[in-house]
file structure-v2.tsv (TSV, C-alpha atoms)
chain	number	residue	atom	x	y	z
A	1	MET	CA	97.80	-68.53	29.66
A	2	LYS	CA	100.19	-69.65	26.95
A	3	LYS	CA	103.95	-69.44	26.60
A	4	LYS	CA	103.71	-66.49	24.19
A	5	ASP	CA	101.52	-64.61	26.70
A	6	VAL	CA	104.27	-64.89	29.27
A	7	ILE	CA	106.88	-63.71	26.75
A	8	LEU	CA	104.69	-60.73	25.85
A	9	ALA	CA	104.17	-59.77	29.50
A	10	ALA	CA	107.90	-60.19	30.15
A	11	CYS	CA	108.75	-57.91	27.19
A	12	ILE	CA	106.40	-55.15	28.39
A	13	LEU	CA	107.74	-55.39	31.93
A	14	ALA	CA	111.33	-55.37	30.63
A	15	ILE	CA	110.64	-52.12	28.73
A	16	ALA	CA	109.11	-50.64	31.89
A	17	LEU	CA	112.01	-51.72	34.12
A	18	GLY	CA	114.50	-50.45	31.55
A	19	GLY	CA	112.76	-47.08	31.62
A	20	LEU	CA	112.77	-47.00	35.42
A	21	LEU	CA	116.48	-47.84	35.57
A	22	PHE	CA	117.24	-45.21	32.94
A	23	MET	CA	115.45	-42.56	35.01
A	24	LYS	CA	117.17	-43.68	38.21
A	25	THR	CA	120.56	-43.01	36.63
A	26	ARG	CA	119.75	-39.47	35.52
A	27	ASP	CA	117.28	-38.23	38.09
A	28	HIS	CA	119.67	-38.13	41.01
A	29	GLN	CA	121.02	-34.63	40.54
A	30	LYS	CA	119.47	-32.05	42.77
A	31	GLY	CA	117.65	-29.35	40.89
A	32	SER	CA	118.28	-25.65	41.28
A	33	ALA	CA	115.22	-24.04	39.73
A	34	LEU	CA	111.52	-24.62	39.26
A	35	ASN	CA	109.94	-23.97	35.88
A	36	VAL	CA	106.21	-23.38	35.78
A	37	MET	CA	104.87	-24.45	32.39
A	38	VAL	CA	101.34	-23.64	31.24
A	39	ASP	CA	100.12	-25.02	27.92
A	40	GLY	CA	103.68	-26.06	27.14
A	41	GLU	CA	104.99	-22.50	27.51
A	42	LEU	CA	107.28	-21.22	30.24
A	43	TYR	CA	105.04	-19.22	32.56
A	44	ALA	CA	107.42	-18.43	35.40
A	45	SER	CA	110.68	-19.64	36.94
A	46	TYR	CA	111.71	-19.68	40.59
A	47	SER	CA	114.93	-20.50	42.41
A	48	LEU	CA	114.74	-23.45	44.78
A	49	ASP	CA	117.06	-21.72	47.27
A	50	GLU	CA	114.37	-19.37	48.47
A	51	ASP	CA	111.44	-20.72	50.49
A	52	ARG	CA	108.11	-19.27	49.38
A	53	THR	CA	104.48	-20.06	48.66
A	54	ILE	CA	103.13	-19.19	45.24
A	55	ARG	CA	99.53	-18.95	44.17
A	56	LEU	CA	98.71	-19.21	40.48
A	57	SER	CA	95.50	-18.00	38.90
A	58	LEU	CA	95.18	-19.67	35.54
A	59	ASP	CA	92.43	-19.87	32.95
A	60	GLY	CA	91.69	-23.42	34.08
A	61	GLY	CA	91.63	-22.65	37.80
A	62	GLU	CA	93.83	-22.02	40.82
A	63	ASN	CA	96.92	-23.84	42.04
A	64	THR	CA	99.02	-23.09	45.11
A	65	PHE	CA	102.44	-24.63	45.60
A	66	ARG	CA	105.29	-24.20	48.05
A	67	ILE	CA	109.05	-24.18	47.59
A	68	GLU	CA	110.75	-25.27	50.80
A	69	ASN	CA	114.26	-26.61	51.47
A	70	GLY	CA	114.88	-27.15	47.80
A	71	SER	CA	111.75	-29.19	47.16
A	72	VAL	CA	108.37	-28.31	45.73
A	73	ARG	CA	104.91	-29.59	46.50
A	74	MET	CA	101.40	-28.64	45.49
A	75	LEU	CA	99.45	-27.35	48.46
A	76	SER	CA	96.06	-26.98	46.84
A	77	ALA	CA	94.29	-26.95	43.51
A	78	ASP	CA	90.65	-26.52	42.54
A	79	CYS	CA	90.80	-29.29	39.94
A	80	PRO	CA	88.49	-32.29	40.30
A	81	ASP	CA	91.05	-35.09	40.46
A	82	GLN	CA	93.58	-33.66	42.99
A	83	TYR	CA	96.37	-35.87	41.68
A	84	CYS	CA	98.80	-32.96	41.76
A	85	VAL	CA	98.08	-32.31	45.46
A	86	GLU	CA	98.55	-35.98	46.33
A	87	HIS	CA	101.81	-36.10	44.36
A	88	ALA	CA	104.96	-36.43	46.46
A	89	ALA	CA	107.26	-33.40	46.76
A	90	ILE	CA	109.79	-33.05	43.92
A	91	SER	CA	113.40	-31.89	44.25
A	92	ALA	CA	115.55	-33.70	41.65
A	93	ASP	CA	116.32	-32.52	38.14
A	94	HIS	CA	113.68	-33.66	35.60
A	95	GLU	CA	111.01	-34.42	38.22
A	96	THR	CA	107.55	-33.04	37.49
A	97	ILE	CA	104.19	-32.45	39.10
A	98	VAL	CA	101.37	-32.26	36.57
A	99	CYS	CA	97.93	-30.73	36.98
A	100	LEU	CA	96.35	-32.06	33.82
A	101	PRO	CA	92.98	-30.28	34.03
A	102	HIS	CA	94.78	-26.92	34.26
A	103	ARG	CA	97.44	-27.89	31.71
A	104	LEU	CA	100.01	-26.98	34.31
A	105	VAL	CA	103.39	-28.64	34.74
A	106	LEU	CA	105.85	-27.87	37.52
A	107	GLU	CA	109.27	-29.12	36.55
A	108	ILE	CA	112.61	-29.05	38.31
A	109	ARG	CA	115.53	-27.83	36.27
A	110	GLY	CA	119.28	-27.65	36.40
A	111	GLY	CA	121.61	-29.91	38.36
A	112	GLU	CA	124.32	-27.25	38.19
A	113	GLU	CA	123.63	-23.56	38.54
A	114	LYS	CA	125.09	-22.63	35.17
A	115	ASP	CA	123.93	-25.73	33.37
A	116	VAL	CA	122.54	-24.97	29.94
A	117	ASP	CA	119.22	-26.55	29.05
A	118	ALA	CA	119.94	-30.09	27.85
B	1	MET	CA	73.67	-57.07	9.70
B	2	THR	CA	71.29	-59.50	11.36
B	3	SER	CA	68.95	-58.42	14.09
B	4	GLU	CA	70.70	-60.85	16.41
B	5	LYS	CA	73.95	-58.96	15.87
B	6	VAL	CA	72.29	-55.60	16.50
B	7	ALA	CA	70.77	-56.91	19.71
B	8	LYS	CA	74.10	-58.35	20.86
B	9	ILE	CA	76.02	-55.14	20.15
B	10	GLY	CA	73.37	-53.21	22.07
B	11	MET	CA	73.52	-55.58	25.01
B	12	PHE	CA	77.32	-55.55	25.13
B	13	THR	CA	77.37	-51.75	24.95
B	14	ALA	CA	74.89	-51.52	27.82
B	15	LEU	CA	77.01	-53.95	29.84
B	16	ALA	CA	80.17	-51.97	29.13
B	17	MET	CA	78.46	-48.78	30.33
B	18	ILE	CA	77.36	-50.47	33.55
B	19	PHE	CA	80.85	-51.85	34.13
B	20	GLY	CA	82.26	-48.36	33.66
B	21	TYR	CA	79.79	-47.06	36.25
B	22	ILE	CA	80.51	-49.87	38.74
B	23	GLU	CA	84.19	-49.04	38.42
B	24	THR	CA	83.57	-45.51	39.70
B	25	LEU	CA	81.94	-47.03	42.81
B	26	ILE	CA	85.04	-49.04	43.72
B	27	PRO	CA	87.38	-46.75	45.67
B	28	LEU	CA	90.51	-48.34	44.27
B	29	ASN	CA	93.42	-45.92	44.28
B	30	PHE	CA	96.62	-47.10	42.64
B	31	GLY	CA	98.46	-43.89	43.51
B	32	VAL	CA	99.15	-43.30	39.85
B	33	PRO	CA	97.23	-40.65	37.92
B	34	GLY	CA	94.81	-42.23	35.48
B	35	MET	CA	95.31	-45.81	36.64
B	36	LYS	CA	92.19	-47.89	36.99
B	37	LEU	CA	91.09	-51.48	36.75
B	38	GLY	CA	89.40	-51.07	33.37
B	39	LEU	CA	86.38	-53.26	34.07
B	40	SER	CA	84.66	-52.32	30.81
B	41	ASN	CA	87.59	-53.85	28.98
B	42	ILE	CA	86.12	-57.23	30.02
B	43	VAL	CA	83.28	-56.44	27.63
B	44	THR	CA	85.61	-55.35	24.80
B	45	VAL	CA	87.75	-58.48	25.11
B	46	THR	CA	84.72	-60.75	25.36
B	47	ALA	CA	83.05	-59.07	22.36
B	48	LEU	CA	86.26	-59.48	20.37
B	49	TYR	CA	86.22	-63.24	20.91
B	50	VAL	CA	82.48	-63.88	20.79
B	51	MET	CA	81.48	-61.54	17.94
B	52	GLY	CA	84.71	-60.61	16.14
B	53	ALA	CA	86.61	-57.37	15.50
B	54	GLY	CA	83.91	-55.29	13.75
B	55	PRO	CA	81.15	-55.58	16.34
B	56	ALA	CA	83.69	-55.32	19.17
B	57	LEU	CA	84.95	-52.02	17.73
B	58	ALA	CA	81.36	-50.78	17.50
B	59	VAL	CA	80.78	-51.69	21.17
B	60	THR	CA	83.98	-49.95	22.24
B	61	VAL	CA	83.38	-46.71	20.34
B	62	LEU	CA	79.70	-46.55	21.34
B	63	ARG	CA	80.56	-47.15	25.00
B	64	ILE	CA	83.25	-44.45	25.01
B	65	PHE	CA	80.97	-41.83	23.45
B	66	LEU	CA	77.98	-42.71	25.65
B	67	VAL	CA	79.96	-42.82	28.91
B	68	SER	CA	81.87	-39.61	28.14
B	69	MET	CA	78.69	-37.74	27.23
B	70	THR	CA	76.75	-39.04	30.23
B	71	PHE	CA	79.30	-38.97	33.05
B	72	GLY	CA	82.30	-37.13	31.61
B	73	ASN	CA	83.30	-34.23	29.43
B	74	MET	CA	85.24	-33.51	26.24
B	75	ALA	CA	88.58	-34.08	27.96
B	76	ALA	CA	87.43	-37.46	29.23
B	77	LEU	CA	86.29	-38.34	25.72
B	78	MET	CA	89.71	-37.55	24.27
B	79	TYR	CA	91.56	-39.70	26.80
B	80	SER	CA	89.14	-42.60	26.55
B	81	LEU	CA	89.13	-42.54	22.77
B	82	ALA	CA	92.92	-42.52	22.47
B	83	GLY	CA	93.34	-45.27	25.06
B	84	GLY	CA	90.39	-47.31	23.84
B	85	LEU	CA	91.25	-47.24	20.13
B	86	LEU	CA	94.97	-47.92	20.56
B	87	SER	CA	94.18	-50.74	22.94
B	88	PHE	CA	91.55	-52.17	20.60
B	89	LEU	CA	93.86	-52.06	17.59
B	90	GLY	CA	96.61	-53.89	19.48
B	91	MET	CA	94.24	-56.53	20.80
B	92	ALA	CA	92.57	-57.17	17.44
B	93	LEU	CA	95.97	-57.62	15.77
B	94	LEU	CA	97.37	-59.82	18.54
B	95	LYS	CA	94.28	-62.02	18.43
B	96	LYS	CA	94.96	-62.62	14.72
B	97	ALA	CA	98.55	-63.60	15.50
B	98	LYS	CA	98.94	-67.23	16.47
B	99	GLY	CA	99.89	-68.47	19.91
B	100	PHE	CA	98.36	-65.85	22.22
B	101	SER	CA	95.50	-66.54	24.60
B	102	VAL	CA	92.80	-64.17	25.89
B	103	VAL	CA	95.09	-63.24	28.78
B	104	GLY	CA	97.96	-62.19	26.48
B	105	VAL	CA	95.60	-60.17	24.29
B	106	SER	CA	94.16	-58.45	27.36
B	107	ILE	CA	97.63	-57.69	28.78
B	108	LEU	CA	98.63	-55.92	25.56
B	109	GLY	CA	95.29	-54.08	25.65
B	110	GLY	CA	95.90	-52.86	29.20
B	111	ALA	CA	99.43	-51.67	28.45
B	112	LEU	CA	98.39	-49.92	25.22
B	113	HIS	CA	95.35	-48.29	26.84
B	114	ASN	CA	97.57	-46.53	29.37
B	115	THR	CA	100.11	-45.66	26.66
B	116	GLY	CA	97.42	-44.01	24.51
B	117	GLN	CA	96.09	-41.98	27.42
B	118	LEU	CA	99.56	-40.84	28.40
B	119	ALA	CA	100.22	-39.78	24.81
B	120	VAL	CA	97.14	-37.53	24.92
B	121	ALA	CA	98.21	-36.13	28.29
B	122	MET	CA	101.63	-35.33	26.83
B	123	ALA	CA	99.99	-33.54	23.92
B	124	VAL	CA	97.65	-31.59	26.22
B	125	VAL	CA	100.38	-30.14	28.43
B	126	GLU	CA	102.90	-30.19	25.55
B	127	ASN	CA	105.53	-31.72	27.77
B	128	ILE	CA	107.64	-34.71	26.79
B	129	ARG	CA	108.72	-35.26	30.39
B	130	LEU	CA	105.44	-36.94	31.18
B	131	ALA	CA	106.99	-39.95	29.46
B	132	SER	CA	108.54	-40.68	32.86
B	133	TYR	CA	105.13	-42.04	33.89
B	134	LEU	CA	105.23	-44.62	31.10
B	135	PRO	CA	107.12	-47.39	32.96
B	136	ILE	CA	104.77	-47.37	35.94
B	137	LEU	CA	101.73	-47.17	33.64
B	138	LEU	CA	103.03	-50.12	31.59
B	139	ILE	CA	103.47	-52.20	34.74
B	140	GLY	CA	100.00	-51.22	35.94
B	141	GLY	CA	98.46	-51.92	32.54
B	142	THR	CA	100.07	-55.35	32.43
B	143	ALA	CA	98.74	-56.20	35.89
B	144	THR	CA	95.18	-55.00	35.26
B	145	GLY	CA	95.23	-56.52	31.77
B	146	PHE	CA	96.18	-59.86	33.30
B	147	LEU	CA	93.25	-59.77	35.74
B	148	ILE	CA	90.79	-58.57	33.11
B	149	GLY	CA	92.07	-61.32	30.80
B	150	LEU	CA	91.47	-64.04	33.39
B	151	ALA	CA	87.93	-62.82	33.97
B	152	SER	CA	87.23	-62.50	30.23
B	153	ALA	CA	88.55	-66.00	29.50
B	154	ARG	CA	86.06	-67.48	31.98
B	155	ILE	CA	83.17	-65.47	30.55
B	156	ILE	CA	84.06	-66.40	26.96
B	157	LEU	CA	84.19	-70.08	27.91
B	158	ARG	CA	80.74	-69.94	29.47
B	159	LEU	CA	79.21	-67.95	26.63
B	160	ARG	CA	80.49	-70.49	24.09
B	161	LYS	CA	79.11	-73.35	26.16
B	162	ALA	CA	75.77	-71.61	26.39
B	163	GLU	CA	75.65	-71.06	22.63
B	164	HIS	CA	76.29	-74.70	21.89
B	165	ALA	CA	73.85	-75.95	24.47
call {"tool": "encode", "arguments": {"input": "structure-v2.tsv", "output": "structure tokens"}}
result
Amino acid sequence: MKKKDVILAACILAIALGGLLFMKTRDHQKGSALNVMVDGELYASYSLDEDRTIRLSLDGGENTFRIENGSVRMLSADCPDQYCVEHAAISADHETIVCLPHRLVLEIRGGEEKDVDA
Amino acid sequence: MTSEKVAKIGMFTALAMIFGYIETLIPLNFGVPGMKLGLSNIVTVTALYVMGAGPALAVTVLRIFLVSMTFGNMAALMYSLAGGLLSFLGMALLKKAKGFSVVGVSILGGALHNTGQLAVAMAVVENIRLASYLPILLIGGTATGFLIGLASARIILRLRKAEHA
């Protein structure tokens, strides 16, 4: 391991930490709505104020998620990797849960109720 | 191309495939989608140093196609190809630059591999917000790249000794 190796590793880690800090500063706002995106298009939108369980039947397969107390988590999915089910619940603006095999993204929107899309 | 080269590329490709298979047997969960140790990168790094960029690229591309067709699917092929090629390009260039060791080259490879795969994921779901996974994937790639680099450095040393013996 040479000096330049250490500098390279430090640079990559600095970029990563910078990114993490940047997200910490803007991800704190509580979200107000959940956008369901399929193939990059808005598929449906739900308010976070109302607790409910939603089952989606998509071309790729089935996903079931639950909105409860302002946070969202994936209950089940018939995809092979199950990363979306293992993902922690999301509640803050800009947080996402992704089900890559089904090209599905759940994303939290809006810190303020009337906030226009940034 | 000499027959020795052909034989070596074949052997390295076979090794890379086996490493990829062994990796699936290790239940190592980093808690981050898509994160893995990247054992077959040991073969790419070693090939880069023992045989040079051309043969190493051949080994990498062959391994990706063979593994994806045998154990994976088209989606797996896309992710592997993006990660593998970006990582290879970075490593080949960094090796040419002066002052970096095998470990540094491997660290860049690990970080770029994850970056390439994330880029494909972002294109697949057409969502820029996936970029929020980049920091954690960069940290993971640096860590696995470091380990893979240490292992590769030892292997390269022994292979060189064996060749001169």
call {"tool": "closest_residue", "arguments": {"input": "structure-v2.tsv", "among": "A:Lys24, A:Arg66, A:His102, A:Lys2", "to": "A:Ser47", "atoms": "all atoms listed in the file"}}
result
A:Arg66
call {"tool": "atom_distance", "arguments": {"input": "structure-v2.tsv", "atom1": "atom CA of A:Asp78", "atom2": "atom CA of B:Ile18"}}
result
28.8 Å
call {"tool": "closest_atom_pairs", "arguments": {"input": "structure-v2.tsv", "of": "chain A", "to": "chain B", "cutoff": "9 Å", "atoms": "only C-alpha atoms", "output": "tab-separated table"}}
result
residue	atom	partner	partner_atom	distance
A:Met1	CA	B:Ser101	CA	5.9
A:Lys2	CA	B:Ser101	CA	6.1
A:Lys3	CA	B:Gly99	CA	7.9
A:Lys4	CA	B:Phe100	CA	5.7
A:Asp5	CA	B:Gly104	CA	4.3
A:Val6	CA	B:Gly104	CA	7.4
A:Leu8	CA	B:Gly104	CA	6.9
A:Ala9	CA	B:Thr142	CA	6.7
A:Ile12	CA	B:Leu138	CA	6.8
A:Leu13	CA	B:Ile139	CA	6.0
A:Ile15	CA	B:Pro135	CA	7.3
A:Ala16	CA	B:Pro135	CA	4.0
A:Leu17	CA	B:Pro135	CA	6.6
A:Gly18	CA	B:Pro135	CA	8.1
A:Gly19	CA	B:Pro135	CA	5.8
A:Leu20	CA	B:Pro135	CA	6.2
A:Met23	CA	B:Ser132	CA	7.5
A:Met37	CA	B:Val125	CA	8.3
A:Val38	CA	B:Val125	CA	7.1
A:Asp39	CA	B:Val125	CA	5.2
A:Gly40	CA	B:Glu126	CA	4.5
A:Glu41	CA	B:Glu126	CA	8.2
A:Asp81	CA	B:Pro33	CA	8.7
A:Tyr83	CA	B:Pro33	CA	6.1
A:Cys84	CA	B:Pro33	CA	8.7
A:Glu86	CA	B:Gly31	CA	8.4
A:His87	CA	B:Gly31	CA	8.5
A:His94	CA	B:Arg129	CA	7.4
A:Glu95	CA	B:Arg129	CA	8.2
A:Thr96	CA	B:Arg129	CA	7.5
A:Val98	CA	B:Leu130	CA	8.2
A:Cys99	CA	B:Val125	CA	8.9
A:Leu100	CA	B:Val125	CA	7.0
A:Pro101	CA	B:Ala75	CA	8.4
A:His102	CA	B:Val125	CA	8.7
A:Arg103	CA	B:Val125	CA	4.9
A:Leu104	CA	B:Val125	CA	6.7
A:Val105	CA	B:Val125	CA	7.2
A:Glu107	CA	B:Arg129	CA	8.7
call {"tool": "atom_distance", "arguments": {"input": "structure-v2.tsv", "atom1": "atom CA of A:Ile67", "atom2": "atom CA of A:Tyr43"}}
result
16.3 Å
call {"tool": "residues_around", "arguments": {"input": "structure-v2.tsv", "residues": "stretch 52-61 of chain B", "least_positions_apart": "6", "cutoff": "12 Å", "atoms": "only C-alpha atoms", "output": "PyMOL selection string"}}
result
chain B and resi 1-2+4-17+20+40-46+67-68+77-78+80-96
call {"tool": "closest_residue", "arguments": {"input": "structure-v2.tsv", "among": "A:Ala33, A:Ala89, A:Ile97, A:Leu21", "to": "A:Ser45", "atoms": "all atoms listed in the file"}}
result
A:Ala33
call {"tool": "residues_around", "arguments": {"input": "structure-v2.tsv", "residues": "stretch 108-110 of chain A", "least_positions_apart": "5", "cutoff": "10 Å", "atoms": "all atoms listed in the file", "output": "ChimeraX atom specification"}}
result
/A:29-36,45-48,70-72,90-97,115-118
